>>> print(open('query-v6.tsv').read())   # TSV, C-alpha atoms
chain	number	residue	atom	x	y	z
A	1	MET	CA	0.00	0.00	0.00
A	2	PHE	CA	1.29	3.46	-0.85
A	3	ASP	CA	0.32	6.25	1.51
A	4	ARG	CA	-1.06	9.38	-0.26
A	5	THR	CA	0.29	8.20	-3.64
A	6	TYR	CA	-0.91	6.41	-6.72
A	7	VAL	CA	0.73	4.64	-9.60
A	8	ASN	CA	0.91	7.12	-12.44
A	9	ASN	CA	2.21	4.81	-15.13
A	10	LEU	CA	4.51	1.89	-15.86
A	11	ILE	CA	7.83	2.61	-17.46
A	12	ILE	CA	9.88	-0.15	-19.01
A	13	GLY	CA	13.49	0.75	-18.39
A	14	THR	CA	16.49	0.22	-20.65
A	15	PHE	CA	17.40	-3.08	-19.00
A	16	GLY	CA	13.86	-4.41	-18.93
A	17	PHE	CA	13.14	-3.47	-15.34
A	18	VAL	CA	9.67	-2.17	-14.60
A	19	VAL	CA	9.95	1.24	-13.02
A	20	LEU	CA	6.97	2.56	-11.06
A	21	SER	CA	6.49	6.31	-11.37
A	22	PHE	CA	4.62	7.89	-8.42
A	23	VAL	CA	2.98	11.27	-8.11
A	24	SER	CA	2.08	12.46	-4.63
A	25	ILE	CA	-1.38	13.99	-4.26
A	26	SER	CA	-3.62	15.23	-1.46
A	27	PRO	CA	-6.67	13.16	-0.61
A	28	ALA	CA	-9.95	14.23	-2.18
A	29	PRO	CA	-11.90	16.52	0.15
A	30	ALA	CA	-14.67	14.80	2.05
A	31	VAL	CA	-18.16	15.41	0.79
A	32	THR	CA	-20.07	17.43	3.37
A	33	GLY	CA	-23.58	16.60	4.46
A	34	PHE	CA	-24.81	19.72	2.70
A	35	GLN	CA	-23.14	18.74	-0.57
A	36	GLN	CA	-24.64	15.27	-0.31
A	37	TRP	CA	-28.07	16.82	0.29
A	38	ILE	CA	-27.69	18.89	-2.89
A	39	THR	CA	-26.71	15.75	-4.83
A	40	ASP	CA	-29.62	13.76	-3.40
A	41	PHE	CA	-32.13	16.53	-4.11
A	42	TYR	CA	-31.52	16.60	-7.85
A	43	PRO	CA	-33.93	13.74	-8.72
A	44	GLN	CA	-36.78	15.77	-7.18
A	45	ALA	CA	-35.73	18.78	-9.24
A	46	ALA	CA	-35.46	16.64	-12.37
A	47	GLN	CA	-39.03	15.40	-11.87
A	48	GLN	CA	-40.10	19.04	-12.04
A	49	GLY	CA	-38.26	19.57	-15.32
A	50	ILE	CA	-35.00	21.09	-14.05
A	51	SER	CA	-32.11	20.18	-16.33
A	52	ARG	CA	-28.83	18.83	-14.99
A	53	ALA	CA	-26.98	21.79	-16.52
A	54	VAL	CA	-29.17	24.38	-14.77
A	55	TYR	CA	-28.92	22.51	-11.48
A	56	GLU	CA	-25.15	22.27	-11.59
A	57	GLN	CA	-24.84	25.89	-12.60
A	58	ALA	CA	-27.13	26.96	-9.73
A	59	PHE	CA	-24.91	25.23	-7.17
A	60	SER	CA	-21.54	25.74	-8.82
A	61	GLY	CA	-18.93	26.54	-6.20
A	62	ILE	CA	-21.32	26.10	-3.28
A	63	THR	CA	-19.96	23.69	-0.72
A	64	ASP	CA	-21.39	24.88	2.58
A	65	PRO	CA	-24.77	26.05	3.84
A	66	ASP	CA	-25.39	29.76	4.39
A	67	GLU	CA	-24.78	30.10	8.11
A	68	ARG	CA	-26.43	33.53	8.18
A	69	VAL	CA	-29.67	31.90	7.02
A	70	LEU	CA	-29.54	29.32	9.81
A	71	GLU	CA	-28.84	32.05	12.37
A	72	LYS	CA	-31.80	34.12	11.20
A	73	ALA	CA	-34.07	31.07	11.05
A	74	GLN	CA	-33.13	30.04	14.59
A	75	TYR	CA	-33.28	33.55	16.02
A	76	GLN	CA	-36.69	34.94	15.18
A	77	PRO	CA	-37.69	36.66	18.43
A	78	GLU	CA	-41.39	37.11	19.03
A	79	PHE	CA	-42.08	40.71	19.98
A	80	THR	CA	-45.59	41.89	20.66
A	81	THR	CA	-46.00	44.88	18.36
A	82	GLU	CA	-48.80	47.26	19.14
A	83	ILE	CA	-50.73	48.61	16.18
A	84	TRP	CA	-49.55	52.19	16.78
A	85	ASP	CA	-45.90	51.12	16.83
A	86	TYR	CA	-46.41	49.13	13.62
A	87	LEU	CA	-48.02	52.08	11.83
A	88	ASP	CA	-45.54	54.60	13.24
A	89	ALA	CA	-42.72	52.76	11.52
A	90	ARG	CA	-44.45	52.43	8.16
A	91	VAL	CA	-46.99	55.20	7.57
A	92	THR	CA	-44.52	58.07	7.85
A	93	SER	CA	-44.25	61.49	6.29
A	94	GLY	CA	-41.08	60.32	4.54
A	95	ALA	CA	-42.80	57.30	3.02
A	96	VAL	CA	-45.66	59.51	1.82
A	97	ALA	CA	-43.29	62.07	0.29
A	98	LYS	CA	-41.24	59.42	-1.50
A	99	GLY	CA	-44.38	57.77	-2.81
A	100	GLN	CA	-45.68	61.06	-4.17
A	101	SER	CA	-42.30	61.74	-5.76
A	102	HIS	CA	-42.36	58.36	-7.51
A	103	GLN	CA	-45.94	59.05	-8.60
A	104	GLU	CA	-44.78	62.25	-10.26
A	105	GLN	CA	-41.65	60.75	-11.82
A	106	ARG	CA	-43.22	57.49	-13.00
A	107	GLY	CA	-46.74	58.66	-13.73
A	108	ARG	CA	-46.93	57.27	-17.28
A	109	MET	CA	-45.69	53.83	-16.27
A	110	LEU	CA	-47.98	53.69	-13.22
A	111	ALA	CA	-50.96	54.77	-15.32
A	112	ALA	CA	-50.26	51.93	-17.77
A	113	ILE	CA	-50.17	49.38	-14.95
A	114	GLU	CA	-53.34	50.79	-13.42
A	115	LYS	CA	-55.10	50.63	-16.77
A	116	GLN	CA	-54.09	47.02	-17.36
A	117	TYR	CA	-54.71	45.61	-13.88
A	118	GLY	CA	-57.22	48.02	-12.33
A	119	VAL	CA	-55.19	48.70	-9.18
A	120	ARG	CA	-54.62	52.28	-8.06
A	121	SER	CA	-51.01	53.38	-8.39
A	122	SER	CA	-50.98	54.71	-4.82
A	123	VAL	CA	-51.71	51.18	-3.55
A	124	LEU	CA	-48.78	49.76	-5.54
A	125	LEU	CA	-46.49	52.51	-4.27
A	126	ALA	CA	-47.58	51.77	-0.70
A	127	ILE	CA	-46.76	48.08	-1.16
A	128	TRP	CA	-43.38	48.97	-2.65
A	129	SER	CA	-42.68	51.18	0.36
A	130	MET	CA	-43.77	48.49	2.83
A	131	GLU	CA	-41.74	45.74	1.20
A	132	THR	CA	-38.37	47.35	0.43
A	133	SER	CA	-38.65	51.08	1.22
A	134	TYR	CA	-38.97	51.84	-2.51
A	135	GLY	CA	-36.03	49.57	-3.32
A	136	ALA	CA	-33.62	50.96	-0.71
A	137	ALA	CA	-33.45	47.58	1.03
A	138	LEU	CA	-32.05	46.02	-2.16
A	139	LEU	CA	-29.05	48.35	-2.00
A	140	ARG	CA	-27.96	46.79	1.31
A	141	THR	CA	-26.31	43.92	-0.51
A	142	SER	CA	-24.66	42.54	2.62
A	143	ARG	CA	-28.14	41.58	3.84
A	144	LEU	CA	-29.12	39.78	0.66
A	145	HIS	CA	-28.73	36.05	0.09
A	146	TYR	CA	-28.27	33.93	-3.03
A	147	VAL	CA	-31.73	32.34	-3.10
A	148	PRO	CA	-30.88	28.75	-4.21
A	149	ARG	CA	-28.24	28.47	-1.51
A	150	ALA	CA	-30.50	30.03	1.13
A	151	LEU	CA	-33.40	27.71	0.32
A	152	ALA	CA	-31.15	24.66	0.11
A	153	THR	CA	-29.79	25.64	3.52
A	154	LEU	CA	-33.29	25.69	4.99
A	155	GLY	CA	-34.22	22.47	3.19
A	156	TYR	CA	-31.14	20.79	4.61
A	157	GLY	CA	-30.85	22.29	8.08
A	158	ASP	CA	-34.24	23.57	9.27
A	159	LYS	CA	-36.81	20.87	9.94
A	160	LYS	CA	-39.58	23.38	10.61
A	161	ARG	CA	-39.20	25.07	7.22
A	162	ALA	CA	-37.85	22.15	5.16
A	163	LYS	CA	-41.04	21.42	3.20
A	164	PHE	CA	-41.59	25.08	2.36
A	165	ALA	CA	-37.93	25.56	1.42
A	166	ARG	CA	-37.82	22.58	-0.92
A	167	SER	CA	-40.90	23.71	-2.86
A	168	GLN	CA	-39.50	27.22	-3.11
A	169	LEU	CA	-36.12	25.87	-4.25
A	170	ILE	CA	-37.75	24.03	-7.15
A	171	ALA	CA	-39.52	27.26	-8.11
A	172	ALA	CA	-36.27	29.24	-7.87
A	173	LEU	CA	-34.57	26.77	-10.18
A	174	LYS	CA	-37.44	27.16	-12.66
A	175	ILE	CA	-36.81	30.93	-12.60
A	176	LEU	CA	-33.16	30.33	-13.48
A	177	GLN	CA	-34.08	27.86	-16.19
A	178	ALA	CA	-36.50	30.35	-17.75
A	179	GLY	CA	-33.71	32.91	-17.99
A	180	ASP	CA	-35.62	35.70	-16.21
A	181	VAL	CA	-32.58	36.34	-14.04
A	182	SER	CA	-29.07	35.01	-14.34
A	183	GLY	CA	-26.81	33.27	-11.87
A	184	ARG	CA	-26.00	35.11	-8.68
A	185	GLU	CA	-28.50	37.88	-9.48
A	186	LEU	CA	-31.17	35.61	-8.00
A	187	THR	CA	-30.98	37.24	-4.58
A	188	GLY	CA	-33.49	37.74	-1.82
A	189	SER	CA	-34.17	37.53	1.90
A	190	TRP	CA	-32.99	34.67	4.10
A	191	ALA	CA	-36.36	32.94	3.47
A	192	GLY	CA	-36.41	33.57	-0.30
A	193	ALA	CA	-38.50	36.74	-0.73
A	194	MET	CA	-37.19	38.47	-3.85
A	195	GLY	CA	-37.04	41.79	-5.61
A	196	HIS	CA	-38.57	45.22	-5.13
A	197	THR	CA	-41.93	43.77	-4.14
A	198	GLN	CA	-40.66	40.71	-2.23
A	199	PHE	CA	-42.17	37.71	-3.97
A	200	ILE	CA	-41.32	34.18	-2.91
A	201	PRO	CA	-40.42	31.98	-5.91
A	202	THR	CA	-43.78	30.19	-6.22
A	203	SER	CA	-45.68	33.49	-6.14
A	204	TYR	CA	-43.27	34.93	-8.68
A	205	LEU	CA	-44.03	32.03	-11.04
A	206	ALA	CA	-47.77	32.54	-10.54
A	207	TYR	CA	-47.88	36.33	-10.92
A	208	GLY	CA	-44.62	37.52	-12.52
A	209	VAL	CA	-45.09	40.08	-15.32
A	210	ASP	CA	-42.78	41.42	-18.03
A	211	MET	CA	-44.16	44.96	-18.05
A	212	ASP	CA	-41.20	46.65	-19.72
A	213	GLY	CA	-41.27	44.22	-22.65
A	214	ASP	CA	-37.64	43.09	-22.54
A	215	GLY	CA	-38.57	39.40	-22.50
A	216	ARG	CA	-37.81	38.86	-18.82
A	217	ARG	CA	-39.88	39.14	-15.66
A	218	ASP	CA	-37.23	41.02	-13.72
A	219	ILE	CA	-38.55	42.13	-10.32
A	220	TRP	CA	-34.96	42.71	-9.12
A	221	ASN	CA	-33.97	45.45	-11.54
A	222	SER	CA	-37.12	46.52	-13.39
A	223	ILE	CA	-39.51	48.67	-11.36
A	224	PRO	CA	-42.25	48.32	-14.02
A	225	ASP	CA	-41.99	44.52	-13.80
A	226	ALA	CA	-42.01	44.57	-9.99
A	227	LEU	CA	-45.02	46.86	-9.61
A	228	ALA	CA	-46.97	45.13	-12.38
A	229	THR	CA	-46.30	41.79	-10.69
A	230	ALA	CA	-47.78	43.16	-7.46
A	231	ALA	CA	-50.77	44.53	-9.39
A	232	ASN	CA	-51.26	41.17	-11.11
A	233	LEU	CA	-51.38	39.38	-7.75
A	234	LEU	CA	-54.08	41.73	-6.49
A	235	ASN	CA	-55.99	41.57	-9.77
A	236	LYS	CA	-56.03	37.77	-9.88
A	237	ASN	CA	-57.27	37.70	-6.30
A	238	ASN	CA	-60.35	39.72	-7.28
A	239	TRP	CA	-59.31	43.29	-6.56
A	240	GLN	CA	-62.34	45.54	-7.03
A	241	THR	CA	-61.33	48.32	-9.40
A	242	GLY	CA	-62.51	51.79	-8.44
A	243	LYS	CA	-63.23	50.85	-4.83
A	244	THR	CA	-61.29	51.62	-1.69
A	245	TRP	CA	-59.94	49.26	0.98
A	246	GLY	CA	-62.12	50.74	3.72
A	247	TYR	CA	-62.87	53.78	5.87
A	248	GLU	CA	-61.86	55.17	9.23
A	249	VAL	CA	-65.07	55.62	11.20
A	250	LEU	CA	-66.20	57.05	14.50
A	251	ALA	CA	-67.84	54.37	16.63
A	252	PRO	CA	-70.73	55.08	18.99
A	253	SER	CA	-69.85	55.14	22.67
A	254	THR	CA	-72.16	52.18	23.23
A	255	ILE	CA	-70.15	49.85	20.97
A	256	SER	CA	-69.45	46.40	22.42
A	257	GLU	CA	-66.65	43.95	21.71
A	258	GLN	CA	-69.19	41.58	20.16
A	259	GLU	CA	-69.65	43.90	17.19
A	260	ILE	CA	-65.99	43.68	16.14
A	261	GLY	CA	-65.61	41.39	13.14
A	262	LYS	CA	-69.26	41.46	12.12
A	263	THR	CA	-70.32	42.20	8.54
A	264	ARG	CA	-73.08	44.59	7.53
A	265	THR	CA	-73.77	47.06	4.74
A	266	LEU	CA	-72.39	50.53	5.29
A	267	VAL	CA	-75.87	51.95	5.60
A	268	GLU	CA	-76.66	49.39	8.30
A	269	TRP	CA	-73.52	50.43	10.19
A	270	GLN	CA	-74.65	54.04	9.88
A	271	ARG	CA	-77.98	53.19	11.48
A	272	LEU	CA	-76.04	51.74	14.42
A	273	GLY	CA	-74.30	55.08	14.92
A	274	PHE	CA	-71.09	54.72	12.89
A	275	SER	CA	-70.00	57.69	10.81
A	276	ARG	CA	-67.01	58.95	8.89
A	277	PRO	CA	-64.98	61.84	10.34
A	278	LEU	CA	-66.33	65.28	9.34
A	279	ASN	CA	-69.59	63.52	8.41
A	280	LYS	CA	-68.29	62.52	4.99
A	281	PRO	CA	-70.74	60.26	3.16
A	282	PHE	CA	-70.08	56.69	2.10
A	283	PRO	CA	-69.91	56.72	-1.73
A	284	ARG	CA	-71.56	53.29	-2.01
A	285	PRO	CA	-73.70	52.76	1.13
A	286	ASP	CA	-74.79	49.29	0.01
A	287	ASP	CA	-71.23	47.93	0.07
A	288	ARG	CA	-70.71	45.26	2.72
A	289	ALA	CA	-68.08	46.04	5.34
A	290	VAL	CA	-66.43	44.34	8.32
A	291	LEU	CA	-65.81	46.25	11.55
A	292	LYS	CA	-62.15	46.25	12.61
A	293	MET	CA	-60.92	47.81	15.87
A	294	PRO	CA	-57.26	46.75	16.23
A	295	ALA	CA	-56.87	48.40	19.65
A	296	GLY	CA	-60.25	47.33	20.98
A	297	VAL	CA	-63.34	49.43	21.67
A	298	LYS	CA	-61.27	52.27	23.16
A	299	GLY	CA	-59.35	52.75	19.92
A	300	PRO	CA	-60.07	53.87	16.35
A	301	ALA	CA	-62.54	51.93	14.24
A	302	PHE	CA	-62.46	50.95	10.57
A	303	LEU	CA	-65.07	49.54	8.23
A	304	VAL	CA	-63.11	47.47	5.73
A	305	LEU	CA	-64.26	46.26	2.33
A	306	LYS	CA	-63.34	43.46	-0.07
A	307	ASN	CA	-60.06	45.09	-1.13
A	308	PHE	CA	-58.77	45.00	2.46
A	309	PHE	CA	-58.92	41.21	2.34
A	310	VAL	CA	-57.32	41.13	-1.10
A	311	LEU	CA	-54.38	43.06	0.39
A	312	LYS	CA	-54.11	40.28	2.96
A	313	ARG	CA	-53.39	37.85	0.12
A	314	TYR	CA	-50.08	39.71	-0.16
A	315	ASN	CA	-49.42	39.45	3.57
A	316	ASN	CA	-52.00	37.75	5.79
A	317	SER	CA	-52.03	40.41	8.49
A	318	ASP	CA	-54.64	42.99	9.44
A	319	PHE	CA	-51.82	45.31	10.48
A	320	TYR	CA	-50.21	45.01	7.03
A	321	ALA	CA	-53.43	45.61	5.10
A	322	LEU	CA	-54.32	48.60	7.27
A	323	ALA	CA	-50.85	50.12	6.86
A	324	VAL	CA	-50.97	49.72	3.07
A	325	GLY	CA	-54.44	51.26	2.94
A	326	LEU	CA	-53.61	54.25	5.14
A	327	LEU	CA	-50.29	54.89	3.38
A	328	ALA	CA	-51.90	54.59	-0.06
A	329	ASP	CA	-54.58	57.11	0.89
A	330	GLN	CA	-51.99	59.66	1.98
A	331	ILE	CA	-49.86	59.11	-1.13
A	332	ALA	CA	-53.04	59.80	-3.13
A	333	GLY	CA	-53.44	63.11	-1.30
A	334	TYR	CA	-56.05	62.25	1.31
A	335	ASN	CA	-55.67	63.19	4.97
A	336	GLY	CA	-54.34	60.80	7.55
A	337	MET	CA	-56.20	59.36	10.51
A	338	VAL	CA	-58.27	61.65	12.70
A	339	GLN	CA	-58.48	59.49	15.81
A	340	LYS	CA	-55.62	58.83	18.21
A	341	TRP	CA	-54.45	55.41	19.30
A	342	PRO	CA	-54.79	54.61	23.02
A	343	ARG	CA	-51.08	54.61	23.73
A	344	PRO	CA	-50.27	53.57	27.31
A	345	ALA	CA	-48.42	55.89	29.65
A	346	GLY	CA	-44.68	55.67	29.09
A	347	SER	CA	-44.87	54.66	25.42
A	348	LEU	CA	-42.95	56.57	22.77
A	349	SER	CA	-44.25	58.86	20.07
A	350	MET	CA	-42.71	58.74	16.60
A	351	ALA	CA	-40.58	61.79	17.46
A	352	ASP	CA	-39.39	59.98	20.60
A	353	LYS	CA	-38.37	56.95	18.53
A	354	TYR	CA	-36.28	59.09	16.21
A	355	GLU	CA	-34.61	60.65	19.24
A	356	LEU	CA	-34.01	57.24	20.80
A	357	GLN	CA	-32.22	55.95	17.69
A	358	THR	CA	-30.25	59.18	17.34
A	359	ARG	CA	-29.01	59.01	20.93
A	360	LEU	CA	-28.16	55.31	20.64
A	361	LYS	CA	-26.20	56.09	17.47
A	362	THR	CA	-24.37	59.01	19.08
A	363	LYS	CA	-23.32	56.75	21.94
A	364	GLY	CA	-22.09	54.09	19.51
A	365	TYR	CA	-24.71	51.43	20.16
A	366	TYR	CA	-26.71	51.72	16.95
A	367	THR	CA	-25.37	51.63	13.39
A	368	GLY	CA	-28.58	51.43	11.39
A	369	THR	CA	-30.80	54.00	9.72
A	370	ILE	CA	-32.56	56.55	11.89
A	371	ASP	CA	-36.11	55.96	10.69
A	372	GLY	CA	-38.18	55.46	13.84
A	373	SER	CA	-38.63	51.77	13.07
A	374	ILE	CA	-37.88	49.69	16.16
A	375	GLY	CA	-36.52	46.57	14.50
A	376	SER	CA	-33.98	43.94	15.52
A	377	GLY	CA	-31.05	46.35	15.08
A	378	THR	CA	-32.56	48.95	17.38
A	379	ARG	CA	-33.58	46.32	19.93
A	380	GLY	CA	-30.06	44.93	19.96
A	381	ALA	CA	-28.69	48.43	20.56
A	382	ILE	CA	-31.20	48.94	23.36
A	383	ARG	CA	-30.15	45.70	25.05
A	384	ALA	CA	-26.47	46.68	24.81
A	385	PHE	CA	-27.17	50.07	26.39
A	386	GLN	CA	-29.37	48.48	29.07
A	387	GLN	CA	-26.59	46.03	29.92
A	388	TYR	CA	-24.04	48.85	30.17
A	389	SER	CA	-26.42	50.90	32.33
A	390	GLY	CA	-27.38	48.07	34.66
A	391	MET	CA	-30.99	48.03	33.45
A	392	ALA	CA	-33.12	44.97	32.75
A	393	GLN	CA	-32.21	43.83	29.22
A	394	THR	CA	-35.67	43.87	27.65
A	395	GLY	CA	-34.73	45.31	24.26
A	396	LYS	CA	-37.92	47.38	24.40
A	397	PRO	CA	-38.18	51.15	23.92
A	398	SER	CA	-39.73	53.18	26.74
A	399	GLN	CA	-39.76	56.64	28.27
A	400	GLU	CA	-37.56	55.32	31.08
A	401	LEU	CA	-34.98	54.21	28.51
A	402	LEU	CA	-35.13	57.53	26.68
A	403	GLN	CA	-34.62	59.42	29.94
A	404	ALA	CA	-31.57	57.26	30.67
A	405	LEU	CA	-30.16	58.04	27.21
A	406	ARG	CA	-30.71	61.72	27.91
A	407	GLY	CA	-28.66	61.28	31.07
A	408	LYS	CA	-31.55	61.97	33.36
>>> encode(input="query-v6.tsv", output="structure tokens")
Amino acid sequence: MFDRTYVNNLIIGTFGFVVLSFVSISPAPAVTGFQQWITDFYPQAAQQGISRAVYEQAFSGITDPDERVLEKAQYQPEFTTEIWDYLDARVTSGAVAKGQSHQEQRGRMLAAIEKQYGVRSSVLLAIWSMETSYGAALLRTSRLHYVPRALATLGYGDKKRAKFARSQLIAALKILQAGDVSGRELTGSWAGAMGHTQFIPTSYLAYGVDMDGDGRRDIWNSIPDALATAANLLNKNNWQTGKTWGYEVLAPSTISEQEIGKTRTLVEWQRLGFSRPLNKPFPRPDDRAVLKMPAGVKGPAFLVLKNFFVLKRYNNSDFYALAVGLLADQIAGYNGMVQKWPRPAGSLSMADKYELQTRLKTKGYYTGTIDGSIGSGTRGAIRAFQQYSGMAQTGKPSQELLQALRGK
């Protein structure tokens, strides 16, 4: 046996002796479990029509799972977000101004999408803002992931998300095979949401649109394609053209919890004492509406229509649909909410949140954008400051924390 060598060839010498010529080599690297998973997954991809060439190209040079994906999958803290905090971070004057600027700059393109799909441009702009801050999130390339690797990582190493990840990986490979995006341009979030309007691969395949006519459905680089894709999703889920998502309403003082979630016509709600601020009329009083009161009977009330629930097909959250609706209305030039949320004593206003982030940044704890959005970066900075200051490490913003940052 020859250690770390192999017989290269046989040489017959001048005197008839057989001379063995040896070349020393390093042992072949061991195949990792992740690489074996990729190899074993190909038959499933092949059954869905993925060619060997596309598959090998998709995973060329990839030997290890994306550890950042596993970290994010394993560390998804559950924070209870109040509706006012959620809206504070998303329905902002900055988001409204940027949306109106895009409306002015891209009016012709937005009008074409609205004409084809029947969805108001302000709604599409609100979704774009909610999903990627009008594309700004895509510029933070260090936070993006190569989607096939990310999904393979989840399929291989995350039992809870494995089934979802494998179906999305097949869809991502179909996107590559179709040529809509090439190679490492197929980027997205750690869980596979992609492009300006954050579509997972299966949704992209179902609703992707080539609006700019270049032969590709490019939601990563083409804003027309991305916004038209969002409009197509809403349209195919029965968006009602020419109708709103809902109305802010003033509830009678006698309202009970049992009324929340019930459905009646708008005129029936009026008879029960519900009205729009400033006594504005309901344009179509026979429309059926559901009563939503996200903060309970002591908070603002909304009568939401069919389009509210279509927005939830984009993200199945009342908070999300309400934020899109309110932001869209303001982008379109309507006034914001009239009623105030029942914020508890000690909670922070939007101005307080900006100050909190500014002070954390000045002290070197926070490196993110000062935008009033209390996300994981801000919470991490809060915990670090709380640890330094000897406070309970809750990661939550409060007036007590702000006073401590002020040095009081």
>>> closest_atom_pairs(input="query-v6.tsv", of="region 202-303 of chain A", to="region 104-126 of chain A", cutoff="9 Å", atoms="all atoms listed in the file", output="CSV")
residue,atom,partner,partner_atom,distance
A:Met211,CA,A:Ile113,CA,8.1
A:Pro224,CA,A:Met109,CA,6.9
A:Leu227,CA,A:Leu124,CA,6.3
A:Ala228,CA,A:Ile113,CA,5.9
A:Ala230,CA,A:Leu124,CA,6.9
A:Ala231,CA,A:Tyr117,CA,6.1
A:Asn232,CA,A:Tyr117,CA,6.3
A:Leu234,CA,A:Val119,CA,7.6
A:Asn235,CA,A:Tyr117,CA,5.9
A:Lys236,CA,A:Tyr117,CA,8.9
A:Trp239,CA,A:Val119,CA,7.3
A:Gln240,CA,A:Gly118,CA,7.8
A:Thr241,CA,A:Gly118,CA,5.1
A:Gly242,CA,A:Gly118,CA,7.6
>>> residues_around(input="query-v6.tsv", residues="region 59-70 of chain A", least_positions_apart="3", cutoff="7 Å", atoms="only C-alpha atoms", output="ChimeraX atom specification")
/A:34-35,55-56,73-74,149-150,153,190
>>> closest_residue(input="query-v6.tsv", among="A:Gly94, A:Gly325, A:Pro148, A:Pro397", to="Gly246 (chain A)", atoms="all atoms listed in the file")
A:Gly325
>>> closest_residue(input="query-v6.tsv", among="A:Leu87, A:Leu176, A:Ala53, A:Ala226", to="Pro294 (chain A)", atoms="all atoms listed in the file")
A:Leu87
>>> residues_around(input="query-v6.tsv", residues="region 168-171 of chain A", least_positions_apart="2", cutoff="7 Å", atoms="all atoms listed in the file", output="PyMOL selection string")
chain A and resi 45+148+151-152+164-166+173-175+201-202
>>> residues_around(input="query-v6.tsv", residues="Glu131 (chain A)", least_positions_apart="4", cutoff="7 Å", atoms="all atoms listed in the file", output="VMD selection string")
chain A and resid 127 197 to 198
>>> residues_around(input="query-v6.tsv", residues="Leu266 (chain A)", least_positions_apart="2", cutoff="10 Å", atoms="only C-alpha atoms", output="PyMOL selection string")
chain A and resi 263-264+268-272+274-275+282-290+303-305
>>> atom_distance(input="query-v6.tsv", atom1="CA of Ser203 (chain A)", atom2="CA of Gln100 (chain A)")
27.6 Å
>>> atom_distance(input="query-v6.tsv", atom1="CA of Gln48 (chain A)", atom2="CA of Asp212 (chain A)")
28.7 Å
>>> closest_residue(input="query-v6.tsv", among="A:Ala58, A:Tyr207, A:Tyr86, A:Met337", to="Ala321 (chain A)", atoms="only C-alpha atoms")
A:Tyr86
>>> atom_distance(input="query-v6.tsv", atom1="CA of Glu400 (chain A)", atom2="CA of Glu355 (chain A)")
13.3 Å
>>> residues_around(input="query-v6.tsv", residues="Arg406 (chain A)", least_positions_apart="4", cutoff="9 Å", atoms="only C-alpha atoms", output="PyMOL selection string")
chain A and resi 359+401-402
>>> closest_residue(input="query-v6.tsv", among="A:Met194, A:Ala332, A:Lys163, A:Gly299", to="Glu257 (chain A)", atoms="all atoms listed in the file")
A:Gly299
>>> closest_residue(input="query-v6.tsv", among="A:Gly380, A:Gly372, A:Gly296, A:Pro252", to="Ser93 (chain A)", atoms="only C-alpha atoms")
A:Gly372
>>> closest_residue(input="query-v6.tsv", among="A:Val181, A:Ala193, A:Met391, A:Val96", to="Asn335 (chain A)", atoms="all atoms listed in the file")
A:Val96
>>> build_atoms(input="query-v6.tsv", residues="region 227-238 of chain A", atoms="N, CA and C atoms", output="mmCIF file, keeping the file's coordinate frame")
data_model
loop_
_atom_site.group_PDB
_atom_site.id
_atom_site.type_symbol
_atom_site.label_atom_id
_atom_site.label_comp_id
_atom_site.auth_asym_id
_atom_site.auth_seq_id
_atom_site.Cartn_x
_atom_site.Cartn_y
_atom_site.Cartn_z
ATOM 1 N N LEU A 227 -43.731 46.301 -9.988
ATOM 2 C CA LEU A 227 -45.020 46.860 -9.610
ATOM 3 C C LEU A 227 -46.164 46.189 -10.364
ATOM 4 N N ALA A 228 -45.936 45.842 -11.620
ATOM 5 C CA ALA A 228 -46.970 45.130 -12.380
ATOM 6 C C ALA A 228 -47.200 43.740 -11.806
ATOM 7 N N THR A 229 -46.156 43.104 -11.321
ATOM 8 C CA THR A 229 -46.300 41.790 -10.690
ATOM 9 C C THR A 229 -47.165 41.893 -9.441
ATOM 10 N N ALA A 230 -46.942 42.942 -8.640
ATOM 11 C CA ALA A 230 -47.780 43.160 -7.460
ATOM 12 C C ALA A 230 -49.231 43.421 -7.871
ATOM 13 N N ALA A 231 -49.419 44.226 -8.911
ATOM 14 C CA ALA A 231 -50.770 44.530 -9.390
ATOM 15 C C ALA A 231 -51.453 43.268 -9.909
ATOM 16 N N ASN A 232 -50.708 42.408 -10.582
ATOM 17 C CA ASN A 232 -51.260 41.170 -11.110
ATOM 18 C C ASN A 232 -51.735 40.249 -9.987
ATOM 19 N N LEU A 233 -50.961 40.183 -8.898
ATOM 20 C CA LEU A 233 -51.380 39.380 -7.750
ATOM 21 C C LEU A 233 -52.714 39.874 -7.210
ATOM 22 N N LEU A 234 -52.840 41.181 -7.018
ATOM 23 C CA LEU A 234 -54.080 41.730 -6.490
ATOM 24 C C LEU A 234 -55.235 41.501 -7.460
ATOM 25 N N ASN A 235 -54.962 41.740 -8.752
ATOM 26 C CA ASN A 235 -55.990 41.570 -9.770
ATOM 27 C C ASN A 235 -56.521 40.145 -9.815
ATOM 28 N N LYS A 236 -55.616 39.174 -9.783
ATOM 29 C CA LYS A 236 -56.030 37.770 -9.880
ATOM 30 C C LYS A 236 -56.695 37.270 -8.605
ATOM 31 N N ASN A 237 -56.570 38.052 -7.534
ATOM 32 C CA ASN A 237 -57.270 37.700 -6.300
ATOM 33 C C ASN A 237 -58.511 38.560 -6.096
ATOM 34 N N ASN A 238 -59.044 39.051 -7.238
ATOM 35 C CA ASN A 238 -60.350 39.720 -7.280
ATOM 36 C C ASN A 238 -60.369 41.106 -6.669
#
